[in-house]
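Pasted below: start_15.csv, CSV, C-alpha atoms.
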```csv
chain,number,residue,atom,x,y,z
A,1,MET,CA,12.3,0.8,29.4
A,2,SER,CA,10.3,-1.7,31.5
A,3,ASN,CA,10.8,-5.4,30.9
A,4,ASP,CA,7.0,-5.6,30.3
A,5,LEU,CA,6.7,-6.0,26.5
A,6,PHE,CA,3.7,-3.6,26.4
A,7,GLU,CA,4.8,-1.0,28.9
A,8,GLY,CA,6.8,2.2,28.2
A,9,GLU,CA,7.7,5.3,30.3
A,10,LEU,CA,4.4,7.0,30.0
A,11,VAL,CA,1.9,4.6,28.4
A,12,ARG,CA,0.9,1.0,28.1
A,13,LEU,CA,-0.4,-0.8,25.0
A,14,THR,CA,-3.6,-2.5,25.8
A,15,SER,CA,-6.0,-5.0,24.4
A,16,GLU,CA,-9.3,-3.2,24.1
A,17,ASP,CA,-12.9,-4.4,23.8
A,18,PRO,CA,-14.0,-3.5,20.3
A,19,GLN,CA,-16.9,-1.7,21.7
A,20,VAL,CA,-14.7,0.6,23.9
A,21,LEU,CA,-12.3,1.3,21.0
A,22,ALA,CA,-15.1,1.9,18.5
A,23,GLU,CA,-16.8,4.5,20.8
A,24,ALA,CA,-13.4,6.3,21.3
A,25,PHE,CA,-12.8,6.3,17.5
A,26,ALA,CA,-16.2,7.7,16.8
A,27,ARG,CA,-15.5,10.5,19.3
A,28,TRP,CA,-11.9,11.2,18.2
A,29,ASN,CA,-12.8,11.2,14.5
A,30,GLN,CA,-15.0,14.3,15.1
A,31,ASN,CA,-11.8,16.4,15.6
A,32,THR,CA,-10.9,17.8,12.2
A,33,GLU,CA,-7.2,18.2,12.8
A,34,TYR,CA,-6.9,14.7,14.1
A,35,ILE,CA,-8.8,13.0,11.3
A,36,ARG,CA,-7.1,15.0,8.6
A,37,LEU,CA,-3.6,14.1,9.9
A,38,LEU,CA,-4.6,10.4,10.4
A,39,ASP,CA,-6.0,9.4,7.1
A,40,SER,CA,-6.1,10.4,3.4
A,41,ASP,CA,-9.7,9.2,3.1
A,42,PRO,CA,-12.2,12.0,3.3
A,43,ALA,CA,-13.2,12.9,6.9
A,44,HIS,CA,-16.5,11.1,7.6
A,45,LEU,CA,-18.5,10.6,10.7
A,46,TRP,CA,-18.9,6.8,11.0
A,47,SER,CA,-20.9,5.4,13.8
A,48,ALA,CA,-19.4,3.5,16.7
A,49,LYS,CA,-21.5,0.5,15.5
A,50,LYS,CA,-20.0,0.5,12.1
A,51,ILE,CA,-16.4,0.9,13.4
A,52,LYS,CA,-17.0,-1.9,15.8
A,53,GLU,CA,-18.1,-4.2,12.9
A,54,TRP,CA,-14.8,-3.4,11.1
A,55,LYS,CA,-12.7,-4.1,14.2
A,56,GLU,CA,-14.4,-7.4,14.8
A,57,LYS,CA,-13.8,-8.4,11.2
A,58,ASP,CA,-10.1,-7.7,11.6
A,59,LEU,CA,-10.0,-9.7,14.9
A,60,ASP,CA,-11.5,-12.7,13.2
A,61,ALA,CA,-8.8,-13.1,10.5
A,62,ALA,CA,-7.2,-16.5,10.9
A,63,PHE,CA,-3.7,-15.3,10.0
A,64,PRO,CA,-3.7,-11.7,11.2
A,65,ASN,CA,-2.1,-9.0,9.2
A,66,ILE,CA,-3.5,-6.3,11.4
A,67,LEU,CA,-2.6,-6.0,15.1
A,68,GLU,CA,-4.1,-3.1,17.0
A,69,PHE,CA,-3.7,-1.9,20.6
A,70,GLY,CA,-5.1,0.9,22.7
A,71,ILE,CA,-2.8,3.4,24.2
A,72,ARG,CA,-3.4,4.1,27.9
A,73,THR,CA,-1.6,6.4,30.3
A,74,LEU,CA,0.4,4.6,33.0
A,75,THR,CA,-0.7,7.2,35.7
A,76,ASP,CA,-4.5,6.7,35.5
A,77,GLY,CA,-5.2,4.2,32.7
A,78,LYS,CA,-6.9,6.8,30.5
A,79,LEU,CA,-7.4,5.7,26.9
A,80,ILE,CA,-5.8,8.4,24.8
A,81,GLY,CA,-5.1,6.7,21.4
A,82,PHE,CA,-4.4,3.6,19.4
A,83,ILE,CA,-1.4,2.1,17.6
A,84,GLY,CA,-1.4,-0.8,15.2
A,85,PHE,CA,0.5,-2.8,12.6
A,86,ASP,CA,-1.3,-2.9,9.4
A,87,GLY,CA,-0.3,-5.0,6.3
A,88,LEU,CA,2.0,-7.3,8.1
A,89,ASN,CA,3.9,-9.2,5.5
A,90,TRP,CA,5.5,-12.3,7.0
A,91,THR,CA,7.8,-13.2,4.1
A,92,ASP,CA,9.2,-9.7,3.7
A,93,ARG,CA,9.0,-9.3,7.5
A,94,ASP,CA,7.8,-5.8,6.9
A,95,THR,CA,4.7,-3.9,8.2
A,96,TYR,CA,3.2,-0.5,8.2
A,97,VAL,CA,2.5,1.1,11.6
A,98,ALA,CA,-0.3,3.5,12.3
A,99,ILE,CA,-0.8,5.6,15.4
A,100,GLY,CA,-3.3,8.2,16.5
A,101,ILE,CA,-3.5,10.1,19.8
A,102,GLY,CA,-7.1,11.0,19.8
A,103,GLU,CA,-7.1,13.1,23.0
A,104,PRO,CA,-5.6,16.5,22.1
A,105,ASP,CA,-4.6,17.2,25.7
A,106,PHE,CA,-2.0,14.5,25.2
A,107,TRP,CA,-0.4,16.0,22.0
A,108,SER,CA,3.2,17.1,22.0
A,109,LYS,CA,4.0,15.6,25.4
A,110,GLY,CA,5.8,12.5,24.4
A,111,TYR,CA,3.0,10.0,24.7
A,112,GLY,CA,2.9,9.1,21.0
A,113,THR,CA,6.7,8.8,20.8
A,114,ASP,CA,6.6,6.5,23.9
A,115,ALA,CA,3.9,4.3,22.4
A,116,MET,CA,5.8,4.1,19.1
A,117,ARG,CA,9.0,3.0,20.9
A,118,VAL,CA,7.1,0.2,22.7
A,119,MET,CA,5.5,-0.8,19.4
A,120,LEU,CA,8.9,-1.0,17.6
A,121,ARG,CA,10.4,-3.1,20.4
A,122,TYR,CA,7.4,-5.4,20.1
A,123,GLY,CA,7.8,-5.6,16.3
A,124,PHE,CA,11.5,-6.3,16.4
A,125,THR,CA,11.9,-8.5,19.5
A,126,GLU,CA,8.6,-10.4,19.5
A,127,LEU,CA,7.4,-10.5,15.9
A,128,ASN,CA,11.0,-10.7,14.5
A,129,LEU,CA,10.3,-8.1,11.8
A,130,HIS,CA,13.1,-7.0,9.5
A,131,ARG,CA,11.8,-3.4,9.0
A,132,ILE,CA,8.8,-1.2,10.0
A,133,SER,CA,7.4,1.3,7.7
A,134,LEU,CA,5.1,4.3,7.9
A,135,THR,CA,3.6,7.1,5.8
A,136,VAL,CA,3.1,10.6,7.1
A,137,PHE,CA,1.8,13.7,5.4
A,138,GLU,CA,4.3,16.5,5.0
A,139,VAL,CA,1.7,18.8,6.6
A,140,ASN,CA,2.2,16.8,9.9
A,141,PRO,CA,5.6,18.1,11.3
A,142,ARG,CA,4.7,17.0,14.8
A,143,GLY,CA,4.3,13.4,13.6
A,144,ILE,CA,7.5,13.6,11.5
A,145,ARG,CA,9.5,14.8,14.4
A,146,SER,CA,8.2,12.0,16.7
A,147,TYR,CA,9.0,9.3,14.1
A,148,GLU,CA,12.5,10.7,13.6
A,149,LYS,CA,13.1,10.5,17.4
A,150,CYS,CA,12.0,6.8,17.3
A,151,GLY,CA,14.6,6.0,14.7
A,152,PHE,CA,12.6,6.2,11.4
A,153,LYS,CA,14.6,7.4,8.4
A,154,HIS,CA,13.2,9.4,5.5
A,155,GLU,CA,13.0,7.2,2.4
A,156,GLY,CA,11.3,9.7,0.0
A,157,CYS,CA,7.8,10.9,-0.8
A,158,ILE,CA,4.8,10.3,-3.0
A,159,ARG,CA,4.5,13.6,-4.7
A,160,GLU,CA,1.2,15.6,-4.7
A,161,PHE,CA,-0.6,12.7,-3.0
A,162,LEU,CA,-3.0,14.6,-1.0
A,163,LEU,CA,-5.6,17.2,-2.1
A,164,ARG,CA,-7.0,19.3,0.6
A,165,ASP,CA,-8.5,22.8,0.5
A,166,GLY,CA,-7.6,22.9,-3.2
A,167,LYS,CA,-3.9,22.4,-2.5
A,168,ARG,CA,-1.7,19.4,-3.3
A,169,SER,CA,0.9,18.1,-0.7
A,170,ASP,CA,3.3,15.1,-0.5
A,171,MET,CA,3.1,12.0,1.6
A,172,LEU,CA,6.4,11.0,3.1
A,173,LEU,CA,7.6,7.4,3.4
A,174,MET,CA,9.7,6.5,6.4
A,175,GLY,CA,11.2,3.2,7.6
A,176,VAL,CA,13.4,1.7,10.2
A,177,LEU,CA,15.5,-1.4,9.8
A,178,ARG,CA,16.0,-3.9,12.5
A,179,SER,CA,19.8,-3.3,12.4
A,180,GLU,CA,19.3,0.5,12.8
A,181,TRP,CA,16.9,-0.1,15.7
A,182,GLU,CA,19.3,-2.5,17.5
A,183,GLN,CA,22.1,0.1,17.1
A,184,LEU,CA,19.8,2.7,18.7
A,185,GLN,CA,19.2,0.5,21.7
A,186,GLN,CA,23.0,0.3,22.4
A,187,GLU,CA,23.5,4.1,22.4
B,1,MET,CA,-13.9,17.9,-30.4
B,2,GLU,CA,-13.0,14.7,-32.1
B,3,ASN,CA,-12.9,11.6,-30.0
B,4,THR,CA,-12.2,8.6,-32.2
B,5,LYS,CA,-9.5,6.8,-30.2
B,6,SER,CA,-10.7,3.5,-28.7
B,7,LEU,CA,-10.3,3.2,-25.0
B,8,TYR,CA,-9.2,-0.4,-25.3
B,9,GLU,CA,-7.5,-0.9,-28.7
B,10,GLY,CA,-3.8,-0.3,-29.1
B,11,ARG,CA,-1.6,-1.1,-32.0
B,12,LEU,CA,-0.6,-4.6,-30.8
B,13,VAL,CA,-2.8,-5.3,-27.8
B,14,ARG,CA,-6.4,-4.9,-26.7
B,15,LEU,CA,-7.4,-4.4,-23.1
B,16,GLY,CA,-10.2,-7.0,-22.4
B,17,PRO,CA,-12.3,-8.6,-19.7
B,18,ILE,CA,-11.4,-12.0,-18.1
B,19,ASP,CA,-12.5,-15.0,-20.0
B,20,HIS,CA,-13.2,-17.4,-17.1
B,21,GLU,CA,-13.2,-20.5,-19.3
B,22,LYS,CA,-10.1,-19.9,-21.5
B,23,ASP,CA,-7.8,-17.8,-19.3
B,24,PRO,CA,-7.2,-20.0,-16.2
B,25,PRO,CA,-5.1,-22.7,-17.8
B,26,VAL,CA,-3.0,-20.0,-19.6
B,27,LEU,CA,-2.4,-18.1,-16.4
B,28,ALA,CA,-1.6,-21.4,-14.6
B,29,GLY,CA,1.1,-22.1,-17.2
B,30,TRP,CA,2.7,-18.6,-16.6
B,31,THR,CA,3.0,-19.1,-12.9
B,32,ASN,CA,5.6,-21.8,-13.4
B,33,ASP,CA,7.9,-18.8,-14.2
B,34,PRO,CA,9.1,-17.3,-10.9
B,35,PHE,CA,8.9,-13.9,-12.6
B,36,TRP,CA,5.2,-14.0,-11.9
B,37,ARG,CA,5.7,-13.5,-8.2
B,38,PHE,CA,6.4,-9.8,-9.1
B,39,ILE,CA,3.0,-9.5,-10.8
B,40,LEU,CA,0.7,-11.5,-8.5
B,41,PRO,CA,1.2,-10.5,-4.9
B,42,GLY,CA,1.0,-13.5,-2.6
B,43,VAL,CA,1.4,-16.1,-5.3
B,44,TYR,CA,4.7,-17.8,-4.5
B,45,HIS,CA,4.0,-21.1,-6.1
B,46,PRO,CA,2.7,-22.4,-9.5
B,47,LEU,CA,-1.0,-22.3,-9.7
B,48,SER,CA,-3.1,-25.2,-11.0
B,49,ALA,CA,-5.8,-24.3,-13.6
B,50,GLU,CA,-8.3,-24.6,-10.7
B,51,GLY,CA,-6.2,-22.2,-8.6
B,52,ALA,CA,-5.9,-19.8,-11.5
B,53,ARG,CA,-9.7,-19.9,-12.0
B,54,LYS,CA,-10.3,-19.1,-8.3
B,55,PHE,CA,-7.7,-16.3,-8.5
B,56,LEU,CA,-9.4,-14.7,-11.5
B,57,GLU,CA,-12.8,-15.0,-9.9
B,58,LYS,CA,-11.5,-13.3,-6.8
B,59,VAL,CA,-10.1,-10.5,-8.9
B,60,GLU,CA,-13.5,-9.9,-10.6
B,61,LYS,CA,-15.3,-10.1,-7.3
B,62,GLU,CA,-13.0,-7.6,-5.8
B,63,MET,CA,-13.4,-5.3,-8.8
B,64,GLU,CA,-17.2,-5.5,-8.3
B,65,GLU,CA,-17.2,-4.9,-4.6
B,66,SER,CA,-14.3,-2.4,-4.0
B,67,LYS,CA,-15.0,-0.1,-7.0
B,68,ASN,CA,-11.4,1.1,-6.8
B,69,LEU,CA,-9.8,-1.6,-9.0
B,70,PHE,CA,-9.7,-1.8,-12.8
B,71,HIS,CA,-8.3,-5.1,-14.0
B,72,PHE,CA,-7.7,-5.8,-17.7
B,73,THR,CA,-6.5,-8.9,-19.6
B,74,LEU,CA,-4.0,-8.0,-22.4
B,75,ARG,CA,-4.8,-9.7,-25.7
B,76,ALA,CA,-2.7,-9.8,-28.9
B,77,LYS,CA,-4.8,-8.0,-31.5
B,78,ASP,CA,-3.9,-10.3,-34.3
B,79,ASN,CA,-5.3,-13.6,-32.8
B,80,ASP,CA,-6.9,-12.5,-29.5
B,81,ARG,CA,-4.5,-14.6,-27.5
B,82,LEU,CA,-4.0,-13.8,-23.8
B,83,VAL,CA,-0.5,-12.3,-23.4
B,84,GLY,CA,-0.6,-10.6,-20.1
B,85,LEU,CA,-2.5,-9.0,-17.1
B,86,SER,CA,-2.7,-5.4,-16.0
B,87,LYS,CA,-4.5,-3.4,-13.4
B,88,ILE,CA,-5.0,0.0,-11.9
B,89,HIS,CA,-5.7,-0.6,-8.3
B,90,TRP,CA,-5.7,1.1,-4.8
B,91,ILE,CA,-7.5,4.0,-6.5
B,92,ASP,CA,-8.3,6.9,-4.2
B,93,PHE,CA,-10.7,8.8,-6.3
B,94,HIS,CA,-11.0,11.8,-4.0
B,95,ASN,CA,-7.3,12.5,-4.0
B,96,GLY,CA,-6.9,11.2,-7.6
B,97,THR,CA,-4.2,8.6,-7.0
B,98,GLY,CA,-3.8,5.0,-8.1
B,99,VAL,CA,-1.2,2.2,-8.5
B,100,LEU,CA,-0.5,0.5,-11.8
B,101,ASN,CA,0.8,-3.1,-12.4
B,102,LEU,CA,1.3,-5.0,-15.6
B,103,GLY,CA,2.9,-8.3,-16.6
B,104,ILE,CA,3.5,-10.2,-19.9
B,105,GLY,CA,3.0,-13.9,-19.4
B,106,ASN,CA,5.4,-15.8,-21.6
B,107,GLU,CA,9.1,-15.0,-21.9
B,108,SER,CA,8.7,-15.2,-25.7
B,109,ASP,CA,6.1,-12.4,-25.6
B,110,ARG,CA,8.3,-10.0,-23.7
B,111,ARG,CA,10.2,-7.2,-25.5
B,112,GLN,CA,7.8,-7.4,-28.4
B,113,GLY,CA,6.1,-4.1,-27.6
B,114,TYR,CA,3.0,-5.5,-25.9
B,115,ALA,CA,3.8,-3.9,-22.6
B,116,SER,CA,4.6,-0.4,-24.0
B,117,ASP,CA,1.5,-0.5,-26.1
B,118,ALA,CA,-0.7,-1.6,-23.1
B,119,MET,CA,1.0,1.1,-20.9
B,120,GLU,CA,-0.1,3.8,-23.3
B,121,LEU,CA,-3.7,2.6,-23.1
B,122,LEU,CA,-3.6,2.3,-19.3
B,123,LEU,CA,-2.1,5.7,-18.7
B,124,ARG,CA,-4.7,7.3,-21.1
B,125,PHE,CA,-7.5,5.5,-19.3
B,126,ALA,CA,-6.2,6.5,-15.8
B,127,PHE,CA,-5.6,10.1,-16.6
B,128,ASN,CA,-8.3,10.9,-19.2
B,129,ASP,CA,-11.1,8.7,-18.0
B,130,LEU,CA,-10.6,7.9,-14.3
B,131,ASN,CA,-9.5,11.6,-13.8
B,132,LEU,CA,-6.5,10.6,-11.7
B,133,HIS,CA,-3.8,13.1,-10.8
B,134,ARG,CA,-1.0,10.7,-10.4
B,135,LEU,CA,0.0,7.0,-10.7
B,136,SER,CA,2.5,4.9,-8.7
B,137,VAL,CA,4.4,1.7,-9.4
B,138,TRP,CA,6.3,-0.2,-6.8
B,139,PRO,CA,8.8,-2.6,-8.4
B,140,SER,CA,11.4,-4.5,-6.5
B,141,GLU,CA,14.8,-3.1,-7.4
B,142,ASP,CA,15.8,-6.3,-9.3
B,143,ASN,CA,12.7,-6.2,-11.6
B,144,PHE,CA,14.7,-4.5,-14.4
B,145,PRO,CA,12.3,-5.1,-17.4
B,146,PHE,CA,9.4,-3.4,-15.5
B,147,ILE,CA,11.6,-0.6,-14.3
B,148,GLN,CA,12.8,0.1,-17.8
B,149,GLU,CA,9.3,0.0,-19.1
B,150,VAL,CA,7.9,2.5,-16.6
B,151,GLU,CA,10.8,4.8,-17.0
B,152,LYS,CA,10.2,4.9,-20.7
B,153,ALA,CA,6.6,5.9,-19.9
B,154,GLY,CA,7.8,8.8,-17.7
B,155,PHE,CA,7.7,7.4,-14.2
B,156,GLU,CA,10.4,8.8,-11.8
B,157,GLU,CA,11.9,7.4,-8.6
B,158,GLU,CA,10.3,9.1,-5.6
B,159,ALA,CA,11.2,6.9,-2.7
B,160,ARG,CA,13.1,3.8,-1.9
B,161,ARG,CA,11.7,1.5,0.8
B,162,ARG,CA,15.0,-0.1,1.9
B,163,GLU,CA,15.1,-3.9,2.1
B,164,ALA,CA,11.3,-4.1,2.0
B,165,ALA,CA,11.1,-7.2,-0.2
B,166,PHE,CA,12.6,-10.6,0.4
B,167,HIS,CA,13.2,-13.2,-2.3
B,168,ASP,CA,16.1,-15.3,-3.7
B,169,GLY,CA,17.7,-15.4,-0.3
B,170,LYS,CA,18.1,-11.7,0.3
B,171,TYR,CA,16.3,-8.4,1.0
B,172,TRP,CA,15.8,-5.9,-1.9
B,173,ASP,CA,14.7,-2.3,-2.0
B,174,VAL,CA,11.2,-1.5,-3.2
B,175,ILE,CA,11.4,1.5,-5.5
B,176,CYS,CA,8.4,3.8,-5.4
B,177,MET,CA,8.0,5.5,-8.8
B,178,GLY,CA,5.4,8.1,-9.7
B,179,LEU,CA,4.0,9.8,-12.8
B,180,LEU,CA,2.1,13.0,-12.6
B,181,LYS,CA,-0.7,13.8,-15.1
B,182,ALA,CA,1.0,17.1,-16.0
B,183,LYS,CA,4.2,15.2,-17.1
B,184,TRP,CA,2.2,12.6,-19.0
B,185,GLU,CA,0.3,15.4,-20.9
B,186,LYS,CA,3.6,17.1,-21.9
B,187,LYS,CA,4.9,13.8,-23.4
B,188,LEU,CA,1.9,13.4,-25.7
```
Structure rendered as structure tokens:
Amino acid sequence: MSNDLFEGELVRLTSEDPQVLAEAFARWNQNTEYIRLLDSDPAHLWSAKKIKEWKEKDLDAAFPNILEFGIRTLTDGKLIGFIGFDGLNWTDRDTYVAIGIGEPDFWSKGYGTDAMRVMLRYGFTELNLHRISLTVFEVNPRGIRSYEKCGFKHEGCIREFLLRDGKRSDMLLMGVLRSEWEQLQQE
Amino acid sequence: MENTKSLYEGRLVRLGPIDHEKDPPVLAGWTNDPFWRFILPGVYHPLSAEGARKFLEKVEKEMEESKNLFHFTLRAKDNDRLVGLSKIHWIDFHNGTGVLNLGIGNESDRRQGYASDAMELLLRFAFNDLNLHRLSVWPSEDNFPFIQEVEKAGFEEEARRREAAFHDGKYWDVICMGLLKAKWEKKL
């Protein structure tokens, strides 16, 4: 991995103008598979304007508990997704991480896994976190596989959390401890 | 069908609204007990009466604006005294999920049956009136009284967020426990 804190093998984490990110979100959110794997909230077509307002509000927080980056390809700088820490807790040194690859052409090719690896390094080496957490739906095997590759361990599930198409499914909890992540870097 | 049960009246406690005049000094007194950091997220220090007043105002404002929080004061039925706080929060109405929290203020009021009585009211409210499908609680592994209380109510461990909480000089697991409506109905 590069010495650049924000650079991986395939992608770079970038600071994005809220307008640019909001327009991308408004476009990506129209993909049913993407939005249903991303969020337990009902799919909804929010405007770029509304999404921009939310992002600006997050940026204005004096003591941030949300840190969000764009994900751009190293080859041509194309914006393909986002990754962010959400709910940073500075006394527990724990945070949730959320990721979305909005451009379907970049699914299953290692871009998300690469971005997550960069984000974990940032969380542990720069933010000095003790652990990093995430939730993923059991109906998202692609996501689960990617998180396992990054070092996340299964910690259980919230049973029957999601109701879609009349069927209940679980939400899995995963987490990686700093000590586990350090161990992985040595292997 | 008969429906005579009061939503808010138990055997020992009553679920009530906040009393913005009388409750703040009582709550401020409780926060001298470090146990309260388990109940009030982000409150790591004793609150002044003024701090408690602001806290309770914030709670009510959040309840009004977010629409996915139901906060109740717990009052002893015999003399209307404030004995604890409770809430069902992070409600996701479309999936039918929520998170429950409850705390009894004074050491002398714990293990007197207030919490079990309140739990019964809160579960009935969550499942029969809010139409939720499941409830979660997230105690730190060292919060034994609360874990015992929710186990008695039927909650089961579903996940363990390893070392996700820090207090008293070390990291502790956060236990994710859940209760499905179907199980609650069987227990009735």
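Checking B:Met177, B:Ile104, B:Val83, B:Ile39 one by one against B:Glu151, counting only C-alpha atoms, you find the shortest gap at B:Met177.
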In the coordinate frame of the file, compute which residues have an atom within 10 Å of (-9.2, -0.4, 20.5) when using only C-alpha atoms, and state them as a PDB file with C-alpha atoms, keeping the file's coordinate frame.
```pdb
ATOM      1  CA  LEU A  13      -0.400  -0.800  25.000  1.00  0.00           C
ATOM      2  CA  THR A  14      -3.600  -2.500  25.800  1.00  0.00           C
ATOM      3  CA  SER A  15      -6.000  -5.000  24.400  1.00  0.00           C
ATOM      4  CA  GLU A  16      -9.300  -3.200  24.100  1.00  0.00           C
ATOM      5  CA  ASP A  17     -12.900  -4.400  23.800  1.00  0.00           C
ATOM      6  CA  PRO A  18     -14.000  -3.500  20.300  1.00  0.00           C
ATOM      7  CA  GLN A  19     -16.900  -1.700  21.700  1.00  0.00           C
ATOM      8  CA  VAL A  20     -14.700   0.600  23.900  1.00  0.00           C
ATOM      9  CA  LEU A  21     -12.300   1.300  21.000  1.00  0.00           C
ATOM     10  CA  ALA A  22     -15.100   1.900  18.500  1.00  0.00           C
ATOM     11  CA  GLU A  23     -16.800   4.500  20.800  1.00  0.00           C
ATOM     12  CA  ALA A  24     -13.400   6.300  21.300  1.00  0.00           C
ATOM     13  CA  PHE A  25     -12.800   6.300  17.500  1.00  0.00           C
ATOM     14  CA  LYS A  52     -17.000  -1.900  15.800  1.00  0.00           C
ATOM     15  CA  LYS A  55     -12.700  -4.100  14.200  1.00  0.00           C
ATOM     16  CA  GLU A  68      -4.100  -3.100  17.000  1.00  0.00           C
ATOM     17  CA  PHE A  69      -3.700  -1.900  20.600  1.00  0.00           C
ATOM     18  CA  GLY A  70      -5.100   0.900  22.700  1.00  0.00           C
ATOM     19  CA  ILE A  71      -2.800   3.400  24.200  1.00  0.00           C
ATOM     20  CA  LEU A  79      -7.400   5.700  26.900  1.00  0.00           C
ATOM     21  CA  GLY A  81      -5.100   6.700  21.400  1.00  0.00           C
ATOM     22  CA  PHE A  82      -4.400   3.600  19.400  1.00  0.00           C
ATOM     23  CA  ILE A  83      -1.400   2.100  17.600  1.00  0.00           C
ATOM     24  CA  GLY A  84      -1.400  -0.800  15.200  1.00  0.00           C
TER      25      GLY A  84
END
```
Using all atoms listed in the file, I'd like a table of the residues in chain B that come within 6 Å of chain A; for each, show the closest atom pair and its distance in Å rounded to one decimal, ordered by chain and ascending number, as CSV.
```
residue,atom,partner,partner_atom,distance
B:Asn95,CA,A:Leu163,CA,5.3
B:Glu158,CA,A:Cys157,CA,5.7
B:Ala159,CA,A:Gly156,CA,3.9
B:Arg160,CA,A:Glu155,CA,5.5
B:Ala165,CA,A:Asp92,CA,5.0
B:Phe166,CA,A:Asp92,CA,4.8
```
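Take atom CA of B:Glu9 and atom CA of B:Ala118: the distance between them is 8.8 Å.
Comparing the minimum interatomic distances between B:Trp36 and each of B:Gly10, B:Gly51, B:Gly154, B:Gly103, counting all atoms listed in the file, we find that B:Gly103 sits nearest.
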Kindly give the distance, in Å, that separates atom CA of B:Gly105 and atom CA of B:Phe155, rounded to a single decimal.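 A separation of 22.4 Å between them.
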So what do you get for atom CA of A:Met171 versus atom CA of B:Arg37, distance-wise?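 Spanning atom CA of A:Met171 to atom CA of B:Arg37 is a straight-line distance of 27.4 Å.
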Would you mind telling me which residue in B:Gln148, B:Pro25, B:Trp184, B:Gly16 lies nearest to B:Ser86 when using all atoms listed in the file?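 Checking each candidate against B:Ser86, we get B:Gly16 as the closest.
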Which residues are near B:Arg14? Cut-off 12 Å, only C-alpha atoms, ignore same chain within fewer than 2 positions. Put them as a ChimeraX atom specification. /B:6-12,16-17,72-86,114-115,117-122
Deliver the residues from the most recent selection as a file, using C-alpha atoms, as a PDB file, keeping the file's coordinate frame.
```
ATOM      1  CA  SER B   6     -10.700   3.500 -28.700  1.00  0.00           C
ATOM      2  CA  LEU B   7     -10.300   3.200 -25.000  1.00  0.00           C
ATOM      3  CA  TYR B   8      -9.200  -0.400 -25.300  1.00  0.00           C
ATOM      4  CA  GLU B   9      -7.500  -0.900 -28.700  1.00  0.00           C
ATOM      5  CA  GLY B  10      -3.800  -0.300 -29.100  1.00  0.00           C
ATOM      6  CA  ARG B  11      -1.600  -1.100 -32.000  1.00  0.00           C
ATOM      7  CA  LEU B  12      -0.600  -4.600 -30.800  1.00  0.00           C
ATOM      8  CA  GLY B  16     -10.200  -7.000 -22.400  1.00  0.00           C
ATOM      9  CA  PRO B  17     -12.300  -8.600 -19.700  1.00  0.00           C
ATOM     10  CA  PHE B  72      -7.700  -5.800 -17.700  1.00  0.00           C
ATOM     11  CA  THR B  73      -6.500  -8.900 -19.600  1.00  0.00           C
ATOM     12  CA  LEU B  74      -4.000  -8.000 -22.400  1.00  0.00           C
ATOM     13  CA  ARG B  75      -4.800  -9.700 -25.700  1.00  0.00           C
ATOM     14  CA  ALA B  76      -2.700  -9.800 -28.900  1.00  0.00           C
ATOM     15  CA  LYS B  77      -4.800  -8.000 -31.500  1.00  0.00           C
ATOM     16  CA  ASP B  78      -3.900 -10.300 -34.300  1.00  0.00           C
ATOM     17  CA  ASN B  79      -5.300 -13.600 -32.800  1.00  0.00           C
ATOM     18  CA  ASP B  80      -6.900 -12.500 -29.500  1.00  0.00           C
ATOM     19  CA  ARG B  81      -4.500 -14.600 -27.500  1.00  0.00           C
ATOM     20  CA  LEU B  82      -4.000 -13.800 -23.800  1.00  0.00           C
ATOM     21  CA  VAL B  83      -0.500 -12.300 -23.400  1.00  0.00           C
ATOM     22  CA  GLY B  84      -0.600 -10.600 -20.100  1.00  0.00           C
ATOM     23  CA  LEU B  85      -2.500  -9.000 -17.100  1.00  0.00           C
ATOM     24  CA  SER B  86      -2.700  -5.400 -16.000  1.00  0.00           C
ATOM     25  CA  TYR B 114       3.000  -5.500 -25.900  1.00  0.00           C
ATOM     26  CA  ALA B 115       3.800  -3.900 -22.600  1.00  0.00           C
ATOM     27  CA  ASP B 117       1.500  -0.500 -26.100  1.00  0.00           C
ATOM     28  CA  ALA B 118      -0.700  -1.600 -23.100  1.00  0.00           C
ATOM     29  CA  MET B 119       1.000   1.100 -20.900  1.00  0.00           C
ATOM     30  CA  GLU B 120      -0.100   3.800 -23.300  1.00  0.00           C
ATOM     31  CA  LEU B 121      -3.700   2.600 -23.100  1.00  0.00           C
ATOM     32  CA  LEU B 122      -3.600   2.300 -19.300  1.00  0.00           C
TER      33      LEU B 122
END
```
Which residues are close to B:Asp173, i.e. within 9 Å by all atoms listed in the file, leaving aside same-chain residues fewer than 5 positions away? Reply as a ChimeraX atom specification. /B:139-142,160-166
Out of A:Asp4, A:Glu9, A:Asp58, A:Glu33, which residue has the shortest atom-to-atom distance to A:Ala115 when counting all atoms listed in the file?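 Of all the options, A:Glu9 lies closest to A:Ala115.
Minimum atom-to-atom distances from B:Glu65, B:Pro145, B:Asp129, B:Leu135 to B:Gly113 were compared using all atoms listed in the file, and the lowest value belongs to B:Pro145.
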